[in-house]
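**Student:** Before anything else, here's the structure in question.
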Amino acid sequence: MKRIKSIVFDKHERPKRATIITPLGTIKVEWRDIAGQPNWTSTGDLAARLLAVPVIQRIERLFL
C-alpha cells in the first residue's frame, strides 16, 4: 500500500514537496519549474521510488 504522508504547496498553490510512504521505504519528492515545465526529483531507495511513481503521477493529475 502506498500513501501520501504530506504535501507542501508553494504560493501559487502548486505542489512543492511531498512525502510518500511505500512498503519498501519513505520517498521525498520535490517539484521544480525548469523552462516553464514542472519536473520532479525524488530521494530514497530505488525500489521504493519505483513503487511511488503512480502516486506522484496522481498528485500531478490533481494539482498541476
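Every chain in the C-alpha cells has a letter given in the order shown (A, B, ...), and although residue numbers restart at 1 in each chain, ligands are simply numbered from 1 in the order shown.
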Can you tell me, as a PDB file with N, CA and C atoms, in the first residue's frame, what residues are no more than 10 Å from Thr26 (chain A) when counting only C-alpha atoms, ignoring any on the same chain fewer than 3 positions away?
**Tutor:**
ATOM      1  N   LYS A   2       0.561   2.182  -0.857  1.00  0.00           N
ATOM      2  CA  LYS A   2       1.310   3.435  -0.945  1.00  0.00           C
ATOM      3  C   LYS A   2       0.427   4.560  -0.430  1.00  0.00           C
ATOM      4  N   ARG A   3       1.025   5.440   0.396  1.00  0.00           N
ATOM      5  CA  ARG A   3       0.253   6.538   0.971  1.00  0.00           C
ATOM      6  C   ARG A   3       0.991   7.847   0.812  1.00  0.00           C
ATOM      7  N   ILE A   4       0.238   8.913   0.679  1.00  0.00           N
ATOM      8  CA  ILE A   4       0.804  10.257   0.693  1.00  0.00           C
ATOM      9  C   ILE A   4       0.793  10.712   2.141  1.00  0.00           C
ATOM     10  N   LYS A   5       1.962  10.973   2.690  1.00  0.00           N
ATOM     11  CA  LYS A   5       2.032  11.412   4.080  1.00  0.00           C
ATOM     12  C   LYS A   5       1.808  12.911   4.178  1.00  0.00           C
ATOM     13  N   THR A  19       5.884  13.800   0.724  1.00  0.00           N
ATOM     14  CA  THR A  19       6.470  12.623   1.335  1.00  0.00           C
ATOM     15  C   THR A  19       5.508  11.468   1.096  1.00  0.00           C
ATOM     16  N   ILE A  20       6.036  10.388   0.528  1.00  0.00           N
ATOM     17  CA  ILE A  20       5.223   9.227   0.174  1.00  0.00           C
ATOM     18  C   ILE A  20       5.781   8.018   0.911  1.00  0.00           C
ATOM     19  N   ILE A  21       4.895   7.244   1.525  1.00  0.00           N
ATOM     20  CA  ILE A  21       5.291   6.046   2.256  1.00  0.00           C
ATOM     21  C   ILE A  21       4.907   4.823   1.427  1.00  0.00           C
ATOM     22  N   THR A  22       5.880   3.950   1.175  1.00  0.00           N
ATOM     23  CA  THR A  22       5.649   2.689   0.470  1.00  0.00           C
ATOM     24  C   THR A  22       6.067   1.552   1.399  1.00  0.00           C
ATOM     25  N   PRO A  23       5.706   0.319   1.063  1.00  0.00           N
ATOM     26  CA  PRO A  23       6.156  -0.803   1.901  1.00  0.00           C
ATOM     27  C   PRO A  23       7.680  -0.951   1.935  1.00  0.00           C
ATOM     28  N   VAL A  29       9.743  13.766  -2.472  1.00  0.00           N
ATOM     29  CA  VAL A  29       9.646  14.263  -3.843  1.00  0.00           C
ATOM     30  C   VAL A  29       9.655  15.779  -3.809  1.00  0.00           C
ATOM     31  N   THR A  43      14.088  11.279  -3.639  1.00  0.00           N
ATOM     32  CA  THR A  43      15.171  10.666  -2.888  1.00  0.00           C
ATOM     33  C   THR A  43      14.631   9.428  -2.205  1.00  0.00           C
ATOM     34  N   GLY A  44      15.487   8.453  -2.009  1.00  0.00           N
ATOM     35  CA  GLY A  44      15.094   7.222  -1.354  1.00  0.00           C
ATOM     36  C   GLY A  44      15.591   6.021  -2.132  1.00  0.00           C
ATOM     37  N   ASP A  45      15.266   4.846  -1.652  1.00  0.00           N
ATOM     38  CA  ASP A  45      15.674   3.591  -2.264  1.00  0.00           C
ATOM     39  C   ASP A  45      15.030   3.443  -3.646  1.00  0.00           C
ATOM     40  N   ALA A  48      11.723   1.526  -3.783  1.00  0.00           N
ATOM     41  CA  ALA A  48      10.629   2.314  -3.203  1.00  0.00           C
ATOM     42  C   ALA A  48      10.225   3.439  -4.149  1.00  0.00           C
ATOM     43  N   ARG A  49      11.192   4.046  -4.837  1.00  0.00           N
ATOM     44  CA  ARG A  49      10.877   5.123  -5.787  1.00  0.00           C
ATOM     45  C   ARG A  49      10.035   4.593  -6.938  1.00  0.00           C
ATOM     46  N   ALA A  52       6.546   4.369  -5.925  1.00  0.00           N
ATOM     47  CA  ALA A  52       5.915   5.668  -5.666  1.00  0.00           C
ATOM     48  C   ALA A  52       5.509   6.406  -6.938  1.00  0.00           C
TER      49      ALA A  52
END
**Student:** Which neighbours of Pro15 (chain A) fall inside 10 Å, counting only C-alpha atoms, when residues of the same chain fewer than 6 positions from it are skipped, and could you give them as a PyMOL selection string?
**Tutor:** chain A and resi 7-9+29-32+38+40+59-60+62-64
**Student:** Can you list, as a PyMOL selection string, every residue of chain A that DSSP puts in strand (DSSP E)?
**Tutor:** chain A and resi 3-9+15-22+25-34+37-43
